[in-house]
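*Asks:* Here you go, one structure.
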Amino acid sequence: MPLLEVAGLSKRFGGFVALEGIDLTVTEGERVGLIGPNGSGKSTLVNCICGTLANEAGTVRFDGQTIDGLLTHERTHRGMARSFQLPRPFLTLTVADNLRVPLLYTVNPRRAHSLRPDEIDERCAELLRLVGLFDKAAASPRDLTQVDMRKLELARAMAAEPKLLIADEAMAGLSQSEVDDIVALLIRLNERGITIVLIEHIMRAVMRFSQRLVVLVSGKKIADGPPADVVCDAEVERAYIGQ
Amino acid sequence: MLIRSSPRLRQETNREPRTGRNPLSQYLFVLIVIACAVVVFFGARAIGNDYVFFAGYTVLQYVVLATAWNILGGYTGYVNFGSAAFFAMGAYATVFFHKLFPLPIPVLIVIGAIVSGLVGFGMGYLTLRLRGAFFAIATLALAVVLQTFVVNWDYVGGSRGAYIIRPSENVLTGPYIQYLFLLMLALVVLGLVCARGIERSQLGCGFAAIRDDELAAEACGVPTLRLKLIATTVSGALMGMAGAPFPYYIGYLQPSSAFGLEYAVNSIAMPMIGGTTSWVGPLIGAILLGSLQQIATVTISSAVNLLIVGLLLVGFVIIAPNGIVGLVQDRLRGKDK
């Protein structure tokens, strides 16, 4: 059953067409990689799906319902979570309190009974364990390393108990072993039943992670299929390597 | 897998409870604040000089204004330059009802809260899509618009101003100024309890998220616009409450004194100097700066007031950008290490 259905989505900034007629379907439990050269519209697509930007044409359906016009937090409440390309932690809160925000504002309203404070603590601890930040629960995000910051970003997205996680360049600027770390983490999250769309430049990571690969070039989708086939596609090669 | 034993996390998070995990502590806090207020009131009475009440009233009024400003400016990070407008709306609501149908001051305080709360809500709705300096300018503009409105409204005295004859005695406290002082003290208690309550609740957590990163807060499911509207309304209402008894205190209210620059400047400077992240900051800042201004008014001249504020603000921005509270916290943290 499709979890996310994007149909004919277009977005323009003034005269510049950022996205043109994008169709994208993501099935429940899938791991989809989204790649494309710089400026191809990947982040714009994420922003349109998450409600940060409004698309001019086309529709976005999530979990069987049209979500056009909904605000970002309403989409989050319905089970969509994202991590940002540049980590955007809440700097004046501790690492643990960063996770508390989605727990209080997304998980609690969904439940019949709000989580008790000790249950919230437990959830925080569990999430921090999952991403390996448990020892830094009381630290300020300012003191985290780049890779830990990325992990916090993912943990915070996870705290909202999403059905779909959109990870926007979760690995940019990390070393090879750190990239492996994050890929392993993402696969672990997927095994817990979360559908993941990964936007990434690092091909090694994308190839290891994705079950399906989608390629955007200048605002158009030019390929969509099994990773091994997509990277051999002539059009994709042309876009990346040139003729 | 759930981790049952997380002593370290719990220990660390207990130090700064944000989810109101200990409701008893809030009751205890209310009692402590009321006890302090009682001590302050009877202490002032023991001195036996009405001037103490006149000067003290102004300081307390600034505690309320600074606390109110901080709920919007400190917790959510939206700098409001129009505090004087909210204060004046409360004061002019009192003038209006004084002429229309005299009411006891506690009722006028509630009316002031409603009027300024509505103005806060309206301002929030119109301007909260603006950020940073643009929001600050919009609030400043709001103050100018409202002042123009009051200046041209004859019923409340227009630009001439309005006289309010203060009764000399009150059954509860004797001298009327002591009654006003007591009311302002009650507002201080209300303001502090309100600010601390917000700070430690889910609301406070959401406000902090908005202050740090609005886009990320929204992505975490925080309904940012609704929360900001709550902040502007509560902040405005508290300022209106502080303004409601003012005509009785001053006796003669004119637009230029109700919309005075010192209210806008002080209600920003006091939290900044005290520290904006907790309810203690505005309290410390207002007591410190307010008292200093009262002393300067008597010893040097009343014109020196804003100069003192300006110099202190510049000094603090350079030396202690997180205010006195931040300075103390850094010290404590330094000792931990």
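Within each chain, counting starts at residue 1; across the structure tokens, chains are named A, B, ... in the order shown, with ligands numbered 1 upward in that order.
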Within 7 Å of chain B, which residues of chain A come that close, and what is the closest atom pair and distance in Å for each? Count only C-alpha atoms and give it as a Markdown table.
*Replies:*
```
| residue | atom | partner | partner_atom | distance |
| --- | --- | --- | --- | --- |
| A:Thr72 | CA | B:Ala219 | CA | 5.9 |
| A:His73 | CA | B:Gly221 | CA | 4.1 |
| A:Glu74 | CA | B:Gly221 | CA | 6.8 |
| A:Thr76 | CA | B:Gly221 | CA | 5.3 |
| A:His77 | CA | B:Gly221 | CA | 6.0 |
| A:Ala81 | CA | B:Ala219 | CA | 6.9 |
| A:Arg82 | CA | B:Ala219 | CA | 7.0 |
| A:Arg88 | CA | B:Ala216 | CA | 6.4 |
| A:Phe90 | CA | B:Asp212 | CA | 5.1 |
| A:Leu91 | CA | B:Asp212 | CA | 6.1 |
| A:Thr92 | CA | B:Asp212 | CA | 6.8 |
| A:Val101 | CA | B:Cys205 | CA | 6.5 |
| A:Pro102 | CA | B:Cys220 | CA | 4.7 |
| A:Leu104 | CA | B:Gln202 | CA | 6.7 |
| A:Tyr105 | CA | B:Gly221 | CA | 5.5 |
| A:Thr106 | CA | B:Gly221 | CA | 5.2 |
| A:Pro117 | CA | B:Arg21 | CA | 5.8 |
| A:Asp121 | CA | B:Arg10 | CA | 6.8 |
| A:Glu122 | CA | B:Ile3 | CA | 6.4 |
| A:Ala125 | CA | B:Ile3 | CA | 6.8 |
| A:Glu126 | CA | B:Ile3 | CA | 5.9 |
| A:Ala137 | CA | B:Leu9 | CA | 6.3 |
| A:Ala138 | CA | B:Glu12 | CA | 6.0 |
| A:Ala160 | CA | B:Cys220 | CA | 6.9 |
```
*Asks:* Among region 16-237 of chain A, which residues carry a DSSP assignment of strand (DSSP E), reported as a ChimeraX atom specification?
*Replies:* /A:16-27,31-35,57-62,65-66,80-83,164-168,195-199,212-217,220-225
*Asks:* Any idea what's packed within 10 Å of region 212-220 of chain A, counting only C-alpha atoms, ignoring anything in its chain fewer than 4 positions away? Could you give it as a ChimeraX atom specification?
*Replies:* /A:10-12,17-24,26,30-42,44-45,197-199,206-207,224-231,235-236,239-240
*Asks:* Keeping only C-alpha atoms, write the selected residues as a compact mmCIF listing (two decimals), in the first residue's frame.
*Replies:*
```
# COMPACT_ATOMS: atom_id res chain seq x y z
CA SER A 10 5.35 21.61 -9.50
CA LYS A 11 7.08 24.46 -7.76
CA ARG A 12 8.48 27.64 -9.21
CA VAL A 17 11.02 26.25 -12.35
CA ALA A 18 12.39 24.25 -9.41
CA LEU A 19 10.17 21.20 -9.81
CA GLU A 20 8.09 20.17 -12.77
CA GLY A 21 5.44 17.49 -12.68
CA ILE A 22 7.08 15.20 -10.16
CA ASP A 23 5.39 11.84 -9.59
CA LEU A 24 6.69 9.74 -6.74
CA VAL A 26 6.69 5.35 -1.72
CA GLU A 30 10.41 0.87 1.71
CA ARG A 31 13.88 2.41 1.68
CA VAL A 32 14.07 4.91 -1.13
CA GLY A 33 17.15 6.88 -2.13
CA LEU A 34 16.71 10.25 -3.83
CA ILE A 35 19.71 11.60 -5.69
CA GLY A 36 20.46 14.38 -8.10
CA PRO A 37 23.14 16.99 -8.84
CA ASN A 38 23.26 20.21 -6.79
CA GLY A 39 20.31 22.44 -7.52
CA SER A 40 18.23 19.65 -9.00
CA GLY A 41 15.34 20.32 -6.60
CA LYS A 42 15.80 17.58 -4.01
CA THR A 44 12.62 21.77 -2.61
CA LEU A 45 10.78 18.49 -3.09
CA VAL A 197 13.40 8.41 2.02
CA LEU A 198 17.08 9.29 1.99
CA ILE A 199 18.36 12.30 0.10
CA VAL A 206 22.91 5.54 -1.19
CA MET A 207 23.76 2.27 -2.93
CA ASP A 224 13.11 5.50 -10.81
CA GLY A 225 13.92 1.86 -10.19
CA PRO A 226 16.32 -0.66 -8.67
CA PRO A 227 19.63 1.05 -7.80
CA ALA A 228 21.79 -1.17 -9.95
CA ASP A 229 19.69 -0.43 -13.06
CA VAL A 230 19.36 3.27 -12.36
CA VAL A 231 23.08 3.95 -12.10
CA GLU A 235 20.39 9.57 -19.00
CA VAL A 236 21.57 9.40 -15.38
CA ALA A 239 23.48 14.09 -15.99
CA TYR A 240 26.24 13.13 -13.59
```
*Asks:* If you run DSSP on the backbone here, which positions in region 121-189 of chain A get alpha helix (DSSP H)? Please write them as a PyMOL selection string.
*Replies:* chain A and resi 121-131+146-159+176-189
*Asks:* Between A:Leu3, A:Ala170, A:Leu71, A:Ala223, which has the minimum distance to Ile182 (chain A) (counting only C-alpha atoms)?
*Replies:* A:Ala170
*Asks:* If I take CA of Val59 (chain B) and CA of Leu288 (chain B), how far is one from the other in Å, to one decimal?
*Replies:*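 Between these atoms lies a distance of 8.9 Å.
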*Asks:* Do you have the CA of Thr297 (chain B)-CA of Glu262 (chain B) distance handy?
*Replies:* 13.4 Å
*Asks:* Env of Ile71 (chain B): 8 Å cut, atoms = only C-alpha atoms, seq-sep filter 5 positions within chain, self excluded. Answer as a short mmCIF file (atom, residue, chain, number, x, y, z; two decimals) with N, CA and C atoms, in the first residue's frame.
*Replies:*
```cif
data_model
loop_
_atom_site.label_atom_id
_atom_site.label_comp_id
_atom_site.auth_asym_id
_atom_site.auth_seq_id
_atom_site.Cartn_x
_atom_site.Cartn_y
_atom_site.Cartn_z
N THR B 76 10.04 33.03 23.98
CA THR B 76 9.89 32.69 22.56
C THR B 76 10.84 33.47 21.66
N ALA B 195 4.88 33.00 35.14
CA ALA B 195 6.09 32.83 34.35
C ALA B 195 6.78 31.51 34.68
N ALA B 231 1.60 33.37 23.81
CA ALA B 231 2.64 34.20 24.44
C ALA B 231 2.30 35.68 24.35
N VAL B 234 -0.78 36.39 26.77
CA VAL B 234 -0.46 36.36 28.20
C VAL B 234 0.44 37.54 28.56
N SER B 235 1.45 37.79 27.72
CA SER B 235 2.37 38.88 27.97
C SER B 235 1.63 40.22 27.98
#
```
*Asks:* Would you mind telling me which residue in B:Thr148, B:Ser301, B:Ser83, B:Ser278 lies nearest to Ser116 (chain B) when using only C-alpha atoms?
*Replies:* B:Ser83
*Asks:* Which of these, A:Ile49, A:Ile196, A:Val183, A:Ala96, has the shortest distance to Lys163 (chain A) once you count only C-alpha atoms?
*Replies:*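 Distance minimum relative to Lys163 (chain A) lands on A:Ile196.
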*Asks:* CA of Asn170 (chain B) and CA of Val95 (chain B) are how many Å apart?
*Replies:* 19.5 Å
*Asks:* Leu229 (chain B): which residues within 10 Å, counting only C-alpha atoms, same-chain residues fewer than 5 positions away excluded, as a VMD selection string?
*Replies:* chain B and resid 72 120 to 125 128 224 234 to 235
*Asks:* Take the selection from the previous step and output its residues with C-alpha atoms, as a CSV table (one decimal), in the first residue's frame.
*Replies:*
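Result written to result.csv:
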```csv
chain,number,residue,atom,x,y,z
B,72,LEU,CA,7.2,36.8,24.9
B,120,GLY,CA,-1.7,41.3,22.3
B,121,PHE,CA,-3.7,38.7,20.5
B,122,GLY,CA,-4.5,41.0,17.6
B,123,MET,CA,-0.9,42.2,17.4
B,124,GLY,CA,0.3,38.6,17.4
B,125,TYR,CA,-2.1,37.6,14.7
B,128,LEU,CA,3.9,37.1,14.1
B,224,THR,CA,4.2,27.6,16.4
B,234,VAL,CA,-0.5,36.4,28.2
B,235,SER,CA,2.4,38.9,28.0
```
